[in-house]
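Peer 1: Coordinates in protein.txt, compact mmCIF, C-alpha atoms and all ligand atoms, are listed below.
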# COMPACT_ATOMS: atom_id res chain seq x y z
CA MET B 1 -18.94 38.47 29.92
CA ILE B 2 -17.74 35.68 27.61
CA ASN B 3 -21.17 35.65 26.00
CA GLN B 4 -20.96 39.35 25.33
CA ILE B 5 -17.57 38.94 23.68
CA LEU B 6 -18.84 36.09 21.51
CA GLN B 7 -21.85 38.13 20.48
CA SER B 8 -19.77 41.07 19.35
CA PRO B 9 -19.97 41.36 15.54
CA ARG B 10 -16.23 41.79 15.23
CA VAL B 11 -15.46 38.64 17.15
CA ALA B 12 -18.14 36.76 15.24
CA ARG B 13 -16.58 37.83 11.93
CA VAL B 14 -13.13 36.71 13.03
CA TYR B 15 -14.57 33.43 14.23
CA GLU B 16 -16.42 32.88 10.97
CA SER B 17 -13.33 33.60 8.89
CA ILE B 18 -11.35 31.07 10.92
CA VAL B 19 -14.07 28.44 10.48
CA ASN B 20 -14.25 29.16 6.75
CA ALA B 21 -10.52 28.86 6.37
CA VAL B 22 -10.61 25.46 7.98
CA PHE B 23 -13.88 24.18 6.51
CA PRO B 24 -15.30 25.31 3.19
CA ARG B 25 -18.57 27.18 3.73
CA SER B 26 -20.48 25.42 0.99
CA CYS B 27 -20.83 21.75 0.13
CA VAL B 28 -17.88 20.54 -1.96
CA GLY B 29 -20.24 18.30 -3.92
CA CYS B 30 -22.98 20.66 -5.12
CA GLY B 31 -21.63 24.07 -4.12
CA LEU B 32 -24.77 24.93 -2.16
CA SER B 33 -24.48 26.05 1.41
CA ARG B 34 -24.65 23.15 3.77
CA LYS B 35 -27.43 23.31 6.31
CA SER B 36 -27.21 19.65 7.19
CA GLY B 37 -24.60 16.96 6.71
CA GLY B 38 -20.96 17.16 7.68
CA ASP B 39 -18.14 19.64 7.41
CA TYR B 40 -17.65 19.21 3.68
CA LEU B 41 -20.78 17.60 2.24
CA CYS B 42 -24.43 18.50 2.52
CA GLY B 43 -26.81 15.74 3.55
CA LEU B 44 -28.03 15.17 -0.02
CA CYS B 45 -24.55 14.80 -1.52
CA ARG B 46 -23.61 12.52 1.31
CA ASP B 47 -26.52 10.24 0.40
CA ASP B 48 -25.35 10.42 -3.19
CA LEU B 49 -21.88 9.01 -2.63
CA PHE B 50 -21.87 6.01 -4.88
CA VAL B 51 -20.40 2.92 -3.32
CA ILE B 52 -19.25 0.23 -5.76
CA ASP B 53 -21.31 -2.91 -5.54
CA ASP B 54 -21.50 -6.29 -7.29
CA PRO B 55 -21.09 -7.37 -10.03
CA LEU B 56 -17.43 -6.49 -10.34
CA CYS B 57 -14.19 -8.11 -11.46
CA ASN B 58 -13.15 -10.49 -8.72
CA THR B 59 -9.50 -9.49 -9.15
CA CYS B 60 -9.22 -5.77 -9.91
CA GLY B 61 -12.67 -4.70 -8.70
CA ILE B 62 -13.75 -2.83 -11.82
CA PRO B 63 -17.57 -2.76 -12.08
CA ALA B 64 -18.74 -5.26 -14.68
CA ASP B 65 -20.71 -4.19 -17.72
CA ILE B 66 -23.67 -6.47 -17.18
CA ASP B 67 -24.84 -6.37 -20.80
CA TYR B 68 -21.42 -7.17 -22.17
CA ASP B 69 -19.66 -9.22 -19.51
CA TYR B 70 -22.44 -11.59 -18.32
CA PRO B 71 -20.73 -11.65 -14.92
CA ALA B 72 -21.03 -14.91 -13.02
CA GLU B 73 -19.51 -15.79 -9.67
CA GLY B 74 -15.74 -15.35 -9.72
CA PHE B 75 -16.02 -13.14 -12.81
CA GLU B 76 -12.79 -11.57 -14.10
CA CYS B 77 -12.44 -8.71 -16.59
CA GLY B 78 -10.51 -9.23 -19.84
CA TRP B 79 -7.37 -7.53 -18.53
CA CYS B 80 -7.23 -9.71 -15.41
CA ARG B 81 -7.93 -12.88 -17.39
CA LYS B 82 -4.71 -12.09 -19.24
CA GLY B 83 -2.93 -11.86 -15.86
CA GLY B 84 -2.41 -8.10 -16.20
CA PHE B 85 -1.75 -7.19 -12.56
CA ARG B 86 0.87 -8.11 -9.97
CA PHE B 87 -1.36 -7.55 -6.95
CA ASN B 88 -3.74 -10.30 -5.87
CA ARG B 89 -6.85 -8.20 -5.62
CA ALA B 90 -8.04 -4.60 -5.67
CA ARG B 91 -11.15 -2.95 -4.28
CA SER B 92 -12.33 0.65 -4.12
CA LEU B 93 -14.90 2.39 -1.99
CA GLY B 94 -16.65 4.28 -4.77
CA LEU B 95 -16.48 5.61 -8.29
CA TYR B 96 -14.24 8.63 -8.82
CA ASP B 97 -16.78 10.28 -11.04
CA SER B 98 -19.01 11.19 -8.14
CA VAL B 99 -18.89 13.49 -5.17
CA LEU B 100 -15.80 11.52 -4.13
CA LYS B 101 -13.83 13.39 -6.79
CA GLU B 102 -14.52 16.75 -5.13
CA LEU B 103 -13.86 15.35 -1.71
CA ILE B 104 -10.52 13.85 -2.77
CA HIS B 105 -9.61 17.10 -4.47
CA PHE B 106 -10.15 19.00 -1.24
CA TYR B 107 -8.32 16.37 0.72
CA LYS B 108 -5.36 16.09 -1.60
CA TYR B 109 -4.76 19.44 -3.23
CA ARG B 110 -6.28 21.96 -0.87
CA ASN B 111 -4.37 20.78 2.09
CA GLN B 112 -7.35 19.68 4.11
CA PRO B 113 -6.62 16.28 5.62
CA GLY B 114 -9.80 16.76 7.67
CA ALA B 115 -11.89 15.94 4.60
CA ILE B 116 -11.03 12.32 5.28
CA ASN B 117 -13.30 12.43 8.33
CA GLU B 118 -16.22 12.92 5.97
CA ILE B 119 -15.35 9.62 4.30
CA GLU B 120 -14.68 7.72 7.50
CA PRO B 121 -18.29 6.54 8.12
CA PHE B 122 -18.32 5.05 4.59
CA LEU B 123 -15.02 3.29 5.24
CA ARG B 124 -16.40 1.88 8.49
CA ASP B 125 -19.50 0.59 6.67
CA TYR B 126 -17.41 -0.89 3.89
CA PHE B 127 -14.88 -2.70 6.07
CA GLY B 128 -17.61 -3.74 8.48
CA THR B 129 -18.82 -6.24 5.88
CA CYS B 130 -15.40 -7.69 4.94
CA ARG B 131 -13.18 -7.49 8.03
CA GLU B 132 -12.22 -11.18 7.95
CA GLU B 133 -10.76 -10.86 4.46
CA TYR B 134 -7.96 -8.70 5.84
CA GLN B 135 -7.18 -10.70 8.94
CA GLY B 136 -3.44 -11.12 9.42
CA TYR B 137 -2.66 -8.28 6.98
CA SER B 138 -0.46 -5.26 7.60
CA VAL B 139 -1.38 -1.89 6.13
CA ALA B 140 1.01 0.15 3.96
CA SER B 141 0.48 3.15 1.69
CA VAL B 142 1.80 4.15 -1.73
CA PRO B 143 4.59 6.59 -0.82
CA LEU B 144 4.89 10.15 -2.06
CA HIS B 145 8.17 11.49 -3.37
CA VAL B 146 9.86 13.56 -0.69
CA LYS B 147 9.63 16.68 -2.87
CA LYS B 148 5.86 16.27 -3.25
CA LEU B 149 5.56 15.68 0.46
CA LYS B 150 7.27 18.98 1.13
CA GLU B 151 5.03 20.78 -1.35
CA ARG B 152 1.82 19.27 -0.02
CA GLY B 153 2.71 19.17 3.64
CA PHE B 154 1.13 15.78 4.25
CA ASP B 155 1.04 12.34 2.71
CA GLN B 156 -2.58 11.77 1.75
CA SER B 157 -2.29 8.01 1.26
CA PHE B 158 -0.51 7.54 4.55
CA VAL B 159 -3.24 9.44 6.40
CA LEU B 160 -5.80 7.19 4.71
CA ALA B 161 -3.81 4.03 5.50
CA HIS B 162 -3.56 5.14 9.12
CA LYS B 163 -7.35 5.52 9.28
CA ILE B 164 -7.94 2.11 7.68
CA ALA B 165 -5.45 0.37 9.98
CA GLU B 166 -7.35 1.87 12.90
CA ILE B 167 -10.74 0.75 11.54
CA LEU B 168 -9.54 -2.80 10.84
CA ASP B 169 -7.35 -2.95 13.94
CA LEU B 170 -4.33 -3.98 11.86
CA PRO B 171 -0.65 -3.02 12.19
CA LEU B 172 0.41 -0.04 10.09
CA LEU B 173 3.80 -0.23 8.38
CA VAL B 174 5.38 3.20 8.58
CA ARG B 175 7.16 3.85 5.29
CA PRO B 176 8.37 0.39 4.32
CA LEU B 177 8.64 1.79 0.78
CA LYS B 178 10.14 4.85 -0.80
CA ARG B 179 9.47 6.64 -4.05
CA ILE B 180 12.96 6.88 -5.49
CA ARG B 181 12.10 8.64 -8.70
CA GLU B 182 9.68 11.45 -9.44
CA THR B 183 7.16 10.49 -12.08
CA PHE B 184 5.61 12.69 -14.72
CA PRO B 185 1.92 13.49 -14.17
CA GLN B 186 -0.12 10.52 -15.35
CA ALA B 187 -3.20 12.46 -16.41
CA ARG B 188 -2.61 12.71 -20.16
CA LYS B 189 -0.98 9.35 -20.63
CA ASN B 190 -2.54 6.21 -22.05
CA ARG B 191 -2.51 2.89 -20.28
CA ALA B 192 0.81 1.58 -21.66
CA GLU B 193 2.55 4.92 -21.01
CA ARG B 194 1.31 4.96 -17.44
CA PHE B 195 2.74 1.52 -16.75
CA GLN B 196 6.03 2.59 -18.31
CA ASN B 197 6.10 5.90 -16.43
CA VAL B 198 6.06 4.33 -12.94
CA ARG B 199 8.43 1.50 -13.71
CA GLY B 200 11.33 1.55 -11.22
CA ALA B 201 9.83 4.45 -9.24
CA PHE B 202 9.58 2.57 -5.93
CA GLU B 203 11.88 0.69 -3.64
CA VAL B 204 11.27 -1.36 -0.51
CA VAL B 205 13.47 0.17 2.20
CA ASP B 206 12.37 -2.03 5.09
CA THR B 207 12.54 -5.55 3.68
CA GLU B 208 12.11 -7.13 7.09
CA ALA B 209 8.77 -5.36 7.56
CA VAL B 210 7.29 -6.80 4.37
CA PHE B 211 8.98 -10.20 4.22
CA ASP B 212 6.43 -13.02 4.24
CA ARG B 213 3.72 -10.57 5.23
CA ASN B 214 0.35 -10.04 3.60
CA ILE B 215 -0.03 -6.39 2.73
CA LEU B 216 -3.10 -4.21 2.40
CA LEU B 217 -1.80 -1.49 0.09
CA VAL B 218 -3.68 1.81 0.29
CA ASP B 219 -3.88 4.67 -2.21
CA ASP B 220 -6.41 7.38 -3.03
CA VAL B 221 -7.37 6.72 -6.66
CA PHE B 222 -7.13 3.69 -8.96
CA THR B 223 -7.15 4.75 -12.62
CA THR B 224 -5.33 2.16 -14.72
CA GLY B 225 -3.79 0.58 -11.63
CA SER B 226 -0.27 1.22 -12.91
CA THR B 227 0.98 2.79 -9.65
CA VAL B 228 -0.35 0.16 -7.23
CA ASN B 229 0.72 -2.51 -9.70
CA GLU B 230 4.30 -1.28 -9.63
CA VAL B 231 4.31 -1.07 -5.83
CA ALA B 232 2.89 -4.61 -5.68
CA ARG B 233 5.66 -5.75 -8.01
CA VAL B 234 8.46 -4.47 -5.75
CA LEU B 235 6.67 -5.80 -2.65
CA LYS B 236 6.53 -9.26 -4.21
CA GLN B 237 10.14 -8.94 -5.26
CA ALA B 238 10.93 -8.31 -1.58
CA LYS B 239 9.06 -11.56 -0.82
CA ALA B 240 5.86 -10.09 0.58
CA GLY B 241 2.93 -12.51 0.72
CA ARG B 242 -0.41 -11.52 -0.77
CA VAL B 243 -0.94 -7.90 -1.79
CA GLN B 244 -4.49 -6.57 -1.65
CA VAL B 245 -5.08 -3.04 -2.86
CA PHE B 246 -7.66 -0.63 -1.50
CA THR B 247 -8.30 2.82 -2.95
CA LEU B 248 -10.90 5.41 -2.08
CA ALA B 249 -11.98 5.80 -5.66
CA ARG B 250 -11.99 3.94 -8.93
CA ALA B 251 -11.71 6.14 -12.01
ZN ZN N 1 -24.16 19.06 -1.65
ZN ZN N 2 -10.15 -7.03 -13.55
Let's see the structure in the file written out as structure tokens.

Peer 2:
Amino acid sequence: MINQILQSPRVARVYESIVNAVFPRSCVGCGLSRKSGGDYLCGLCRDDLFVIDDPLCNTCGIPADIDYDYPAEGFECGWCRKGGFRFNRARSLGLYDSVLKELIHFYKYRNQPGAINEIEPFLRDYFGTCREEYQGYSVASVPLHVKKLKERGFDQSFVLAHKIAEILDLPLLVRPLKRIRETFPQARKNRAERFQNVRGAFEVVDTEAVFDRNILLVDDVFTTGSTVNEVARVLKQAKAGRVQVFTLARA
């Protein structure tokens, strides 16, 4: 009986439309229909996800230009040598200019938090090799402004932080920070303008939660680092210990 219902073309169409509403039908990386792979990526695009590897800046994690930088152990990029950032270290899973970009787009703007599950195996691989570095840390995310949260319906960085806390078996700080000012879109701004734009945009609301604590600060994309830098600044002002940044992608 049930089988007959499921085989009915009408039911099948309804079922397919539900599945397609939840999961895109084609691969978000190459646009071809996915016959293998996960819910969002085909097998080929999944293999293509570029994970950042050495040599990179020991502080901010930007991949080194091997012809220009002559990276040695403990290499730092020019910006970090000048002491440009307030966080202690930053790392990213992969480069933004890859299939990650499409995946993050789906995750962030098309209201599909499930896309994060596609990235989870990569996160598990990544943190599997550096678990000890985060021992004793607590996980926090870069907060969204409440207006954005209402528009989007979910806080993409918090969902990511939640996943990472679970993978690393670390405590998750639930909203120790607040975004107190809306910021203009960063996309068309240069580096100096971006740093200026986010200045004073965040506030620590739970000082006890961050006091004397090492924080693993999570966000989706690191472009100039202005946003995580500003959050690190207010965390340090509230007497947090070390602040290590992790983002999904590095632009
Ligand atoms: Zn694909
Ligand atoms: Zn650097």

Peer 1: Throw together the list of residues within 12 Å of ligand ZN 2 (chain N), counting all atoms listed in the file, and drop it here as an MDAnalysis selection string.

Peer 2: chainID B and resid 55:65 69 71 74:91 224:225

Peer 1: List all protein, DNA and RNA residues that have an atom no more than 8 Å from any atom of ligand ZN 1 (chain N), counting all atoms listed in the file, and report them as a list of chain:residue names.

Peer 2: B:Ser26, B:Cys27, B:Val28, B:Gly29, B:Cys30, B:Gly31, B:Leu32, B:Ser33, B:Arg34, B:Leu41, B:Cys42, B:Gly43, B:Leu44, B:Cys45, B:Arg46

Peer 1: At a cut-off of 9 Å, using all atoms listed in the file, what residues contact Leu95 (chain B)? Leave out same-chain residues fewer than 2 positions from it and give the result as a PyMOL selection string.

Peer 2: chain B and resi 49-52+92-93+97-101+248-251

Peer 1: Record the distance separating CA of Phe211 (chain B) and CA of Thr183 (chain B), expressed in Å with one decimal.

Peer 2: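 Spanning CA of Phe211 (chain B) to CA of Thr183 (chain B) is a straight-line distance of 26.4 Å.
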
Peer 1: Show me, as a PyMOL selection string, the residues that have an atom within 10 Å of Phe202 (chain B) when counting all atoms listed in the file, minus same-chain residues fewer than 2 positions from it.

Peer 2: chain B and resi 142-145+177-182+198-200+204-205+227+230-235

Peer 1: Please write the residues from the selection above to a file, keeping C-alpha atoms, as a PDB file, keeping the file's coordinate frame.

Peer 2:
ATOM      1  CA  VAL B 142       1.800   4.150  -1.730  1.00  0.00           C
ATOM      2  CA  PRO B 143       4.590   6.590  -0.820  1.00  0.00           C
ATOM      3  CA  LEU B 144       4.890  10.150  -2.060  1.00  0.00           C
ATOM      4  CA  HIS B 145       8.170  11.490  -3.370  1.00  0.00           C
ATOM      5  CA  LEU B 177       8.640   1.790   0.780  1.00  0.00           C
ATOM      6  CA  LYS B 178      10.140   4.850  -0.800  1.00  0.00           C
ATOM      7  CA  ARG B 179       9.470   6.640  -4.050  1.00  0.00           C
ATOM      8  CA  ILE B 180      12.960   6.880  -5.490  1.00  0.00           C
ATOM      9  CA  ARG B 181      12.100   8.640  -8.700  1.00  0.00           C
ATOM     10  CA  GLU B 182       9.680  11.450  -9.440  1.00  0.00           C
ATOM     11  CA  VAL B 198       6.060   4.330 -12.940  1.00  0.00           C
ATOM     12  CA  ARG B 199       8.430   1.500 -13.710  1.00  0.00           C
ATOM     13  CA  GLY B 200      11.330   1.550 -11.220  1.00  0.00           C
ATOM     14  CA  VAL B 204      11.270  -1.360  -0.510  1.00  0.00           C
ATOM     15  CA  VAL B 205      13.470   0.170   2.200  1.00  0.00           C
ATOM     16  CA  THR B 227       0.980   2.790  -9.650  1.00  0.00           C
ATOM     17  CA  GLU B 230       4.300  -1.280  -9.630  1.00  0.00           C
ATOM     18  CA  VAL B 231       4.310  -1.070  -5.830  1.00  0.00           C
ATOM     19  CA  ALA B 232       2.890  -4.610  -5.680  1.00  0.00           C
ATOM     20  CA  ARG B 233       5.660  -5.750  -8.010  1.00  0.00           C
ATOM     21  CA  VAL B 234       8.460  -4.470  -5.750  1.00  0.00           C
ATOM     22  CA  LEU B 235       6.670  -5.800  -2.650  1.00  0.00           C
TER      23      LEU B 235
END

Peer 1: Using all atoms listed in the file, pick whichever of B:Arg194, B:Arg175, B:Arg188, B:His162 has the shortest atom-to-atom distance to Thr207 (chain B).

Peer 2: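 Of B:Arg194, B:Arg175, B:Arg188, B:His162, the one nearest Thr207 (chain B), counting all atoms listed in the file, is B:Arg175.
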
Peer 1: So, with all atoms listed in the file as the atoms that count, which of B:Ala140, B:Ile66, B:Leu170, B:Thr247 lies closest to Asp206 (chain B)?

Peer 2: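 Going through B:Ala140, B:Ile66, B:Leu170, B:Thr247 one by one, the smallest distance to Asp206 (chain B) is for B:Ala140.
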
Peer 1: Counting only C-alpha atoms, figure out which residue out of B:Ile215, B:Ala161, B:Lys108, B:Tyr137 gets nearest to Leu123 (chain B).

Peer 2: B:Ala161

Peer 1: Can you work out the spacing between CA of Val245 (chain B) and CA of Ser226 (chain B) in Å, to one decimal?

Peer 2: 11.9 Å
